[in-house]
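S.K.: Handing you a structure now.
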Amino acid sequence: MNAAAQQNLRKLLLRKKWRETFLSRSIVSQNLEIKEAWQERLKAPVFHKIKMGEYFVTLDKKFTQEYRGSAVDVDIFANNVNSGTQAEHMEELLFKLRRTPHTVHTLESTHHAAVRAMLDHGEHTNLVKMLDDRLNYGVFFDEYSAILTLNKLLGGGEYKAAARCSSQLMLQEQNFSLPSALGNLSCWKYYSSGREDPWFYPEEIEVDENPEDVVRIRVRDVPNNYKDDHFDLRDPDRILGKTLIFFNRDSGDTAERSLLMLGHFLFGDMEVVVKMLGEGEVAQSVLQAIQVSENPDVKAAAEAATSVELDLSRILEDKCKTLGDSVASDLAEGQKKTYQQWNLERDQELQRQYELMQRNARIESISQTKADLAKTEEQLFFFDNFDRYEMEKEEKKISWLRTMPRRDWRLSATPMKKKPPTADGERKVARWEKREQKRGPPK
């Protein structure tokens with residue numbers, strides 16, 4: 001079975017209701033999901049009478065035609081998603097919200113609700129794409145959503161998706177203990193699995209349909225080729241390497257130090273790899289990966305390095321479970337309070353928008369009333385102000401006449417005719433003829 005078929009089968013399994021029994025393996029306790037506390041949000045009055053199909057059409061119209069969709073509207077939709085189709089609609093609304101000024105008012109609960117909705121309805125591939133396309137969707141992990149995502153992806157054997165989600169923690173420099181441990185395990189699982197599944201999905205890779213066509217662009221439109229080696233990273237090896245460096249930068253044992261070395265190797269820091277190979281023991285699985293390097297200094301240092309047999313997967317899983325058991329209770333209680341706070345903030349924002357709408361309606365009503373009163377006053381006092389109206393009319397007429405051309409405006413544009421002779425046979429010489437006589441014949 002090829003990679004595409006495996007991916008389609010995995011997605012099909014995740015969409016089934018019995019996926020929890022078929023893919024039941026979990027790295028940390030499933031009690032961290034606190035599903036009951038998450039369902040409590042739906043008891044808010046705002047969710048009682050919403051028909052999601054009609055609501056989506058209304059929001060879509062607000063964004064595309066009226067240009068007045070708000071962040072709280074999208075938050076309400078994201079928190080009320082209950083099917084895969086609605087999850088796709090939520091993805092579209094997030095895309096449109098990102099293109100409006102209201103995106104700066106996106107609520108924290110929107111990010112969390114979007115992640116949970118995609119996870120609950122098997123839209124794992126779309127979730128990975130959304131997280132990686134920060135410019136167009138603007139969805140980011142919090143500590144709890146990162147734990148839920150990595151735990152579910154690792155439990156389902158989706159190591160590539162888990163590793164890509166882990167790279168988001170590195171890019172945002174989110175230093176959470178348990179998500180970092182799960183991210184470290186995700187990256188190692190993906191690397192040790194042989195990386196047969198490419199890092200990017202086929203639809204994410206841009207293909208030039210006419211590679212031989214010459215495209216001419218203006219000099220001012222030439223893109224800036226500066227790379228910051230962070231958000232500009234597109235090479236899978238370098239992304240994976242920097243993620244391993246981020247999770248193991250404070251390495252305290254041989255396993256973490258070996259993964260830090262592997263991260264520098266994938267990122268291309270060969271001088272750092274050579275130095276680390278001569279300073280201590282290295283896990284044999286990591287050393288074997290480094291020995292394939294074509295760099296002669298790295299190969300020589302790898303041959304001289306001391307290897308030790310370590311089951312990195314087991315070590316990292318044990319660390320995740322230990323951390324999960326130690327922080328699960330505090331995390332769950334803290335997240336329950338966060339859910340309550342988000343509900344309160346949503347209600348306050350809805351109340352603020354309702355008051356603002358009422359205020360604007362009152363202002364519009366007052367303006368209309370003033371206009372109606374002015375018109376009524378003009379009708380009632382028409383004869384009292386008749387003389388003033390007549391004077392204004394005369395002034396307007398004079399101003400209008402001043403804009404008209406002079407009566408003799410055509411004289412300068414047409415040749416002047418000689419005046420006919422008088423009764424005694426003589427005629428009066430015109431001034432223009434006298435002027436021409438003084439000038440004389442043309443030179």
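Residue numbers start at 1 in each chain; chains themselves are named A, B, ... in the order of the structure tokens; ligands are numbered from 1 in the order shown.
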Can you tell me, as a compact mmCIF listing (two decimals) with N, CA and C atoms, in the first residue's frame, which residues in stretch 147-364 of chain A count as alpha helix (DSSP H) by DSSP?

M.R.:
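Just written: result01.txt:
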# COMPACT_ATOMS: atom_id res chain seq x y z
N ILE A 147 -1.46 20.12 23.52
CA ILE A 147 -1.44 18.80 24.14
C ILE A 147 -2.47 17.88 23.49
N LEU A 148 -3.69 18.40 23.31
CA LEU A 148 -4.75 17.58 22.71
C LEU A 148 -4.37 17.14 21.30
N THR A 149 -3.81 18.08 20.53
CA THR A 149 -3.48 17.77 19.14
C THR A 149 -2.37 16.73 19.04
N LEU A 150 -1.27 16.96 19.74
CA LEU A 150 -0.12 16.05 19.64
C LEU A 150 -0.46 14.68 20.22
N ASN A 151 -1.24 14.65 21.30
CA ASN A 151 -1.63 13.37 21.90
C ASN A 151 -2.48 12.55 20.94
N LYS A 152 -3.43 13.22 20.28
CA LYS A 152 -4.31 12.48 19.35
C LYS A 152 -3.55 12.03 18.10
N LEU A 153 -2.69 12.89 17.57
CA LEU A 153 -1.96 12.52 16.36
C LEU A 153 -0.95 11.41 16.63
N LEU A 154 -0.27 11.48 17.77
CA LEU A 154 0.66 10.42 18.11
C LEU A 154 -0.07 9.11 18.36
N GLY A 155 -1.21 9.18 19.05
CA GLY A 155 -1.98 7.97 19.30
C GLY A 155 -2.50 7.34 18.04
N TYR A 159 2.53 10.54 12.47
CA TYR A 159 3.76 11.16 12.95
C TYR A 159 4.14 12.40 12.14
N LYS A 160 3.87 12.40 10.85
CA LYS A 160 4.19 13.59 10.06
C LYS A 160 3.35 14.78 10.51
N ALA A 161 2.06 14.56 10.68
CA ALA A 161 1.18 15.65 11.13
C ALA A 161 1.60 16.12 12.52
N ALA A 162 1.97 15.18 13.39
CA ALA A 162 2.40 15.56 14.74
C ALA A 162 3.69 16.37 14.69
N ALA A 163 4.63 15.96 13.83
CA ALA A 163 5.89 16.69 13.73
C ALA A 163 5.67 18.10 13.17
N ARG A 164 4.79 18.22 12.19
CA ARG A 164 4.51 19.55 11.62
C ARG A 164 3.83 20.45 12.64
N CYS A 165 2.92 19.89 13.43
CA CYS A 165 2.30 20.68 14.49
C CYS A 165 3.33 21.07 15.55
N SER A 166 4.27 20.18 15.82
CA SER A 166 5.33 20.49 16.78
C SER A 166 6.19 21.65 16.30
N SER A 167 6.40 21.73 14.99
CA SER A 167 7.22 22.83 14.46
C SER A 167 6.56 24.18 14.69
N GLN A 168 5.23 24.21 14.85
CA GLN A 168 4.55 25.46 15.14
C GLN A 168 4.92 25.98 16.52
N LEU A 169 5.14 25.07 17.47
CA LEU A 169 5.59 25.49 18.80
C LEU A 169 6.97 26.13 18.71
N MET A 170 7.82 25.59 17.85
CA MET A 170 9.15 26.16 17.66
C MET A 170 9.05 27.53 17.01
N LEU A 171 8.24 27.66 15.97
CA LEU A 171 8.13 28.93 15.25
C LEU A 171 7.58 30.03 16.15
N SER A 177 6.01 22.83 28.94
CA SER A 177 6.72 21.61 29.32
C SER A 177 6.16 20.36 28.64
N LEU A 178 4.88 20.07 28.87
CA LEU A 178 4.31 18.85 28.31
C LEU A 178 4.18 18.91 26.79
N PRO A 179 3.71 20.01 26.18
CA PRO A 179 3.71 20.07 24.71
C PRO A 179 5.11 19.93 24.11
N SER A 180 6.13 20.46 24.77
CA SER A 180 7.49 20.32 24.25
C SER A 180 7.93 18.86 24.29
N ALA A 181 7.59 18.15 25.37
CA ALA A 181 7.94 16.73 25.45
C ALA A 181 7.21 15.93 24.38
N LEU A 182 5.93 16.22 24.17
CA LEU A 182 5.18 15.53 23.11
C LEU A 182 5.72 15.90 21.73
N GLY A 183 6.12 17.17 21.56
CA GLY A 183 6.69 17.58 20.28
C GLY A 183 8.02 16.91 20.01
N ASN A 184 8.82 16.73 21.04
CA ASN A 184 10.10 16.04 20.89
C ASN A 184 9.88 14.60 20.45
N LEU A 185 8.91 13.95 21.06
CA LEU A 185 8.58 12.57 20.69
C LEU A 185 8.05 12.52 19.26
N SER A 186 7.23 13.50 18.88
CA SER A 186 6.67 13.52 17.52
C SER A 186 7.77 13.62 16.47
N CYS A 187 8.72 14.51 16.70
CA CYS A 187 9.81 14.69 15.73
C CYS A 187 10.66 13.43 15.60
N TRP A 188 10.95 12.80 16.73
CA TRP A 188 11.76 11.58 16.67
C TRP A 188 10.99 10.44 16.02
N LYS A 189 9.70 10.32 16.32
CA LYS A 189 8.90 9.27 15.70
C LYS A 189 8.87 9.44 14.19
N TYR A 190 8.71 10.69 13.75
CA TYR A 190 8.66 10.93 12.30
C TYR A 190 10.01 10.62 11.66
N TYR A 191 11.09 11.04 12.30
CA TYR A 191 12.42 10.81 11.72
C TYR A 191 12.77 9.32 11.72
N SER A 192 12.50 8.64 12.82
CA SER A 192 12.87 7.23 12.92
C SER A 192 11.98 6.32 12.07
N PRO A 236 12.26 20.78 4.64
CA PRO A 236 11.78 19.92 5.74
C PRO A 236 12.88 19.53 6.72
N ASP A 237 14.08 19.21 6.21
CA ASP A 237 15.17 18.81 7.11
C ASP A 237 15.53 19.93 8.07
N ARG A 238 15.58 21.15 7.57
CA ARG A 238 15.96 22.28 8.42
C ARG A 238 14.86 22.61 9.42
N ILE A 239 13.61 22.48 9.00
CA ILE A 239 12.50 22.71 9.94
C ILE A 239 12.54 21.68 11.06
N LEU A 240 12.67 20.42 10.68
CA LEU A 240 12.72 19.36 11.68
C LEU A 240 13.94 19.53 12.59
N GLY A 241 15.08 19.89 11.99
CA GLY A 241 16.30 20.09 12.78
C GLY A 241 16.16 21.22 13.78
N LYS A 242 15.62 22.35 13.34
CA LYS A 242 15.49 23.48 14.27
C LYS A 242 14.47 23.18 15.36
N THR A 243 13.45 22.39 15.03
CA THR A 243 12.47 22.01 16.05
C THR A 243 13.12 21.13 17.12
N LEU A 244 13.95 20.18 16.71
CA LEU A 244 14.67 19.35 17.68
C LEU A 244 15.63 20.19 18.52
N ILE A 245 16.27 21.18 17.90
CA ILE A 245 17.16 22.06 18.66
C ILE A 245 16.37 22.84 19.71
N PHE A 246 15.19 23.32 19.33
CA PHE A 246 14.37 24.10 20.25
C PHE A 246 13.93 23.27 21.45
N PHE A 247 13.52 22.02 21.24
CA PHE A 247 13.01 21.19 22.32
C PHE A 247 14.13 20.65 23.22
N THR A 254 21.72 11.90 28.04
CA THR A 254 22.27 11.46 26.76
C THR A 254 21.22 11.45 25.66
N ALA A 255 19.99 11.09 25.99
CA ALA A 255 18.95 11.03 24.98
C ALA A 255 18.67 12.41 24.40
N GLU A 256 18.46 13.39 25.26
CA GLU A 256 18.17 14.74 24.78
C GLU A 256 19.38 15.34 24.07
N ARG A 257 20.57 15.04 24.58
CA ARG A 257 21.79 15.55 23.93
C ARG A 257 21.96 14.93 22.54
N SER A 258 21.59 13.68 22.38
CA SER A 258 21.68 13.03 21.08
C SER A 258 20.69 13.66 20.10
N LEU A 259 19.47 13.96 20.58
CA LEU A 259 18.49 14.60 19.72
C LEU A 259 18.90 16.02 19.37
N LEU A 260 19.54 16.71 20.31
CA LEU A 260 20.05 18.05 20.00
C LEU A 260 21.11 17.97 18.90
N MET A 261 21.97 16.96 18.99
CA MET A 261 23.00 16.76 17.96
C MET A 261 22.36 16.45 16.61
N LEU A 262 21.32 15.62 16.63
CA LEU A 262 20.61 15.30 15.38
C LEU A 262 19.97 16.55 14.80
N GLY A 263 19.44 17.42 15.66
CA GLY A 263 18.85 18.66 15.18
C GLY A 263 19.87 19.55 14.49
N HIS A 264 21.04 19.70 15.07
CA HIS A 264 22.09 20.50 14.44
C HIS A 264 22.55 19.85 13.12
N PHE A 265 22.55 18.52 13.07
CA PHE A 265 22.94 17.83 11.85
C PHE A 265 21.94 18.10 10.73
N LEU A 266 20.65 18.01 11.05
CA LEU A 266 19.63 18.25 10.03
C LEU A 266 19.60 19.73 9.62
N PHE A 267 19.89 20.61 10.55
CA PHE A 267 19.86 22.04 10.25
C PHE A 267 21.08 22.48 9.45
N MET A 270 27.33 21.77 10.91
CA MET A 270 28.27 20.65 10.98
C MET A 270 29.38 20.89 11.99
N GLU A 271 29.80 22.13 12.17
CA GLU A 271 30.86 22.41 13.15
C GLU A 271 30.38 22.09 14.56
N VAL A 272 29.11 22.42 14.84
CA VAL A 272 28.56 22.10 16.16
C VAL A 272 28.46 20.58 16.34
N VAL A 273 28.09 19.86 15.29
CA VAL A 273 27.99 18.39 15.37
C VAL A 273 29.34 17.78 15.67
N VAL A 274 30.38 18.23 14.98
CA VAL A 274 31.74 17.70 15.21
C VAL A 274 32.16 17.95 16.65
N LYS A 275 31.87 19.13 17.15
CA LYS A 275 32.25 19.45 18.53
C LYS A 275 31.51 18.57 19.52
N MET A 276 30.20 18.36 19.31
CA MET A 276 29.41 17.57 20.25
C MET A 276 29.78 16.10 20.20
N LEU A 277 30.17 15.60 19.02
CA LEU A 277 30.57 14.19 18.91
C LEU A 277 31.78 13.87 19.77
N GLN A 284 23.06 5.30 19.70
CA GLN A 284 23.50 4.59 18.51
C GLN A 284 22.63 4.90 17.30
N SER A 285 21.31 5.01 17.49
CA SER A 285 20.41 5.30 16.37
C SER A 285 20.70 6.67 15.76
N VAL A 286 21.06 7.64 16.61
CA VAL A 286 21.40 8.97 16.10
C VAL A 286 22.77 8.94 15.43
N LEU A 287 23.70 8.22 16.01
CA LEU A 287 25.05 8.14 15.44
C LEU A 287 25.01 7.50 14.05
N GLN A 288 24.18 6.50 13.87
CA GLN A 288 24.05 5.86 12.56
C GLN A 288 23.50 6.84 11.53
N ALA A 289 22.60 7.73 11.94
CA ALA A 289 22.06 8.72 11.01
C ALA A 289 23.12 9.74 10.63
N ILE A 290 23.99 10.10 11.58
CA ILE A 290 25.02 11.10 11.32
C ILE A 290 26.13 10.53 10.46
N PRO A 296 33.57 15.13 5.48
CA PRO A 296 34.65 14.26 6.01
C PRO A 296 34.91 14.49 7.49
N ASP A 297 34.80 15.72 7.97
CA ASP A 297 35.04 15.99 9.39
C ASP A 297 33.98 15.31 10.25
N VAL A 298 32.73 15.37 9.79
CA VAL A 298 31.64 14.74 10.55
C VAL A 298 31.82 13.22 10.55
N LYS A 299 32.18 12.65 9.41
CA LYS A 299 32.35 11.20 9.35
C LYS A 299 33.49 10.74 10.26
N ALA A 300 34.58 11.49 10.26
CA ALA A 300 35.71 11.12 11.12
C ALA A 300 35.34 11.22 12.59
N ALA A 301 34.62 12.29 12.96
CA ALA A 301 34.21 12.45 14.36
C ALA A 301 33.20 11.39 14.76
N ALA A 302 32.31 11.00 13.83
CA ALA A 302 31.31 9.98 14.13
C ALA A 302 31.98 8.62 14.35
N GLU A 303 32.99 8.31 13.57
CA GLU A 303 33.68 7.03 13.73
C GLU A 303 34.42 6.95 15.05
N ALA A 304 34.89 8.10 15.54
CA ALA A 304 35.63 8.12 16.81
C ALA A 304 34.72 8.31 18.02
N LEU A 312 15.18 5.45 22.27
CA LEU A 312 14.75 6.84 22.41
C LEU A 312 13.23 6.97 22.45
N SER A 313 12.53 6.16 21.68
CA SER A 313 11.07 6.23 21.68
C SER A 313 10.51 5.93 23.07
N ARG A 314 11.01 4.89 23.69
CA ARG A 314 10.52 4.52 25.03
C ARG A 314 10.88 5.59 26.05
N ILE A 315 12.10 6.12 25.97
CA ILE A 315 12.53 7.15 26.92
C ILE A 315 11.67 8.40 26.80
N LEU A 316 11.40 8.81 25.57
CA LEU A 316 10.60 10.02 25.37
C LEU A 316 9.15 9.80 25.77
N GLU A 317 8.61 8.59 25.48
CA GLU A 317 7.23 8.30 25.89
C GLU A 317 7.11 8.29 27.41
N ASP A 318 8.09 7.69 28.09
CA ASP A 318 8.05 7.66 29.55
C ASP A 318 8.10 9.08 30.13
N LYS A 319 8.88 9.93 29.50
CA LYS A 319 8.96 11.31 29.98
C LYS A 319 7.61 12.01 29.79
N CYS A 320 6.97 11.79 28.66
CA CYS A 320 5.66 12.40 28.41
C CYS A 320 4.64 11.92 29.43
N LYS A 321 4.63 10.62 29.71
CA LYS A 321 3.66 10.08 30.66
C LYS A 321 3.93 10.59 32.07
N THR A 322 5.19 10.69 32.44
CA THR A 322 5.53 11.20 33.77
C THR A 322 5.10 12.65 33.93
N LEU A 323 5.42 13.46 32.90
CA LEU A 323 4.99 14.86 32.94
C LEU A 323 3.48 14.98 32.94
N GLY A 324 2.83 14.14 32.12
CA GLY A 324 1.38 14.18 32.04
C GLY A 324 0.72 13.86 33.37
N ASP A 325 1.24 12.83 34.07
CA ASP A 325 0.68 12.46 35.37
C ASP A 325 0.89 13.55 36.41
N SER A 326 2.00 14.26 36.31
CA SER A 326 2.32 15.26 37.33
C SER A 326 1.56 16.58 37.14
N VAL A 327 1.23 16.91 35.90
CA VAL A 327 0.59 18.22 35.65
C VAL A 327 -0.85 18.08 35.19
N ALA A 328 -1.35 16.84 35.03
CA ALA A 328 -2.69 16.66 34.47
C ALA A 328 -3.76 17.34 35.31
N SER A 329 -3.70 17.15 36.62
CA SER A 329 -4.74 17.70 37.49
C SER A 329 -4.76 19.22 37.45
N ASP A 330 -3.59 19.84 37.57
CA ASP A 330 -3.52 21.31 37.55
C ASP A 330 -3.93 21.86 36.19
N LEU A 331 -3.49 21.18 35.11
CA LEU A 331 -3.86 21.65 33.78
C LEU A 331 -5.37 21.58 33.55
N ALA A 332 -5.97 20.48 34.00
CA ALA A 332 -7.41 20.31 33.79
C ALA A 332 -8.20 21.36 34.56
N GLU A 333 -7.84 21.59 35.81
CA GLU A 333 -8.55 22.59 36.61
C GLU A 333 -8.35 23.99 36.05
N GLY A 334 -7.13 24.27 35.64
CA GLY A 334 -6.87 25.59 35.05
C GLY A 334 -7.62 25.81 33.76
N GLN A 335 -7.75 24.75 32.96
CA GLN A 335 -8.46 24.89 31.69
C GLN A 335 -9.95 25.06 31.90
N LYS A 336 -10.51 24.41 32.92
CA LYS A 336 -11.93 24.59 33.23
C LYS A 336 -12.22 26.05 33.57
N LYS A 337 -11.33 26.67 34.35
CA LYS A 337 -11.50 28.09 34.68
C LYS A 337 -11.35 28.95 33.43
N THR A 338 -10.45 28.53 32.54
CA THR A 338 -10.26 29.28 31.30
C THR A 338 -11.52 29.24 30.44
N TYR A 339 -12.16 28.07 30.38
CA TYR A 339 -13.41 27.96 29.62
C TYR A 339 -14.47 28.91 30.17
N GLN A 340 -14.58 28.97 31.48
CA GLN A 340 -15.55 29.87 32.10
C GLN A 340 -15.22 31.33 31.80
N GLN A 341 -13.92 31.65 31.82
CA GLN A 341 -13.51 33.01 31.52
C GLN A 341 -13.81 33.37 30.06
N TRP A 342 -13.60 32.43 29.16
CA TRP A 342 -13.89 32.68 27.74
C TRP A 342 -15.38 32.91 27.53
N ASN A 343 -16.22 32.13 28.23
CA ASN A 343 -17.67 32.34 28.11
C ASN A 343 -18.06 33.73 28.60
N LEU A 344 -17.44 34.16 29.68
CA LEU A 344 -17.72 35.49 30.22
C LEU A 344 -17.27 36.57 29.24
N GLU A 345 -16.08 36.40 28.67
CA GLU A 345 -15.58 37.40 27.72
C GLU A 345 -16.45 37.47 26.47
N ARG A 346 -16.95 36.32 26.01
CA ARG A 346 -17.83 36.31 24.84
C ARG A 346 -19.13 37.05 25.14
N ASP A 347 -19.70 36.79 26.32
CA ASP A 347 -20.94 37.48 26.71
C ASP A 347 -20.71 38.99 26.82
N GLN A 348 -19.57 39.38 27.37
CA GLN A 348 -19.28 40.80 27.50
C GLN A 348 -19.10 41.46 26.13
N GLU A 349 -18.47 40.76 25.22
CA GLU A 349 -18.28 41.31 23.88
C GLU A 349 -19.61 41.43 23.14
N LEU A 350 -20.47 40.42 23.31
CA LEU A 350 -21.80 40.50 22.70
C LEU A 350 -22.60 41.66 23.27
N GLN A 351 -22.51 41.85 24.60
CA GLN A 351 -23.22 42.97 25.23
C GLN A 351 -22.67 44.30 24.74
N ARG A 352 -21.35 44.37 24.57
CA ARG A 352 -20.74 45.62 24.09
C ARG A 352 -21.21 45.93 22.67
N GLN A 353 -21.24 44.91 21.82
CA GLN A 353 -21.69 45.14 20.45
C GLN A 353 -23.17 45.49 20.39
N TYR A 354 -23.97 44.88 21.29
CA TYR A 354 -25.40 45.21 21.34
C TYR A 354 -25.60 46.67 21.76
N GLU A 355 -24.86 47.12 22.77
CA GLU A 355 -24.98 48.51 23.20
C GLU A 355 -24.50 49.46 22.12
N LEU A 356 -23.43 49.08 21.42
CA LEU A 356 -22.94 49.92 20.34
C LEU A 356 -23.96 50.01 19.21
N MET A 357 -24.60 48.89 18.90
CA MET A 357 -25.63 48.89 17.86
C MET A 357 -26.81 49.78 18.27
N GLN A 358 -27.23 49.69 19.54
CA GLN A 358 -28.31 50.54 20.02
C GLN A 358 -27.92 52.02 19.96
N ARG A 359 -26.69 52.32 20.33
CA ARG A 359 -26.22 53.71 20.30
C ARG A 359 -26.23 54.24 18.88
N ASN A 360 -25.73 53.46 17.93
CA ASN A 360 -25.74 53.91 16.53
C ASN A 360 -27.16 54.08 16.01
N ALA A 361 -28.07 53.20 16.45
CA ALA A 361 -29.47 53.33 16.03
C ALA A 361 -30.09 54.61 16.59
N ARG A 362 -29.76 54.94 17.85
CA ARG A 362 -30.28 56.17 18.44
C ARG A 362 -29.73 57.41 17.73
N ILE A 363 -28.44 57.38 17.42
CA ILE A 363 -27.83 58.51 16.71
C ILE A 363 -28.49 58.70 15.34
N GLU A 364 -28.69 57.59 14.64
CA GLU A 364 -29.35 57.67 13.32
C GLU A 364 -30.78 58.18 13.44

S.K.: Calculate how many Å separate atom CA of A:Asp197 from atom CA of A:Val128, rounding to one decimal.

M.R.: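 Atom CA of A:Val128 lies at a distance of 14.3 Å from atom CA of A:Asp197.
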
S.K.: Quote the spacing between atom CA of A:Met404 and atom CA of A:Arg388 in Å to one decimal place.

M.R.: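 The value is 25.0 Å.
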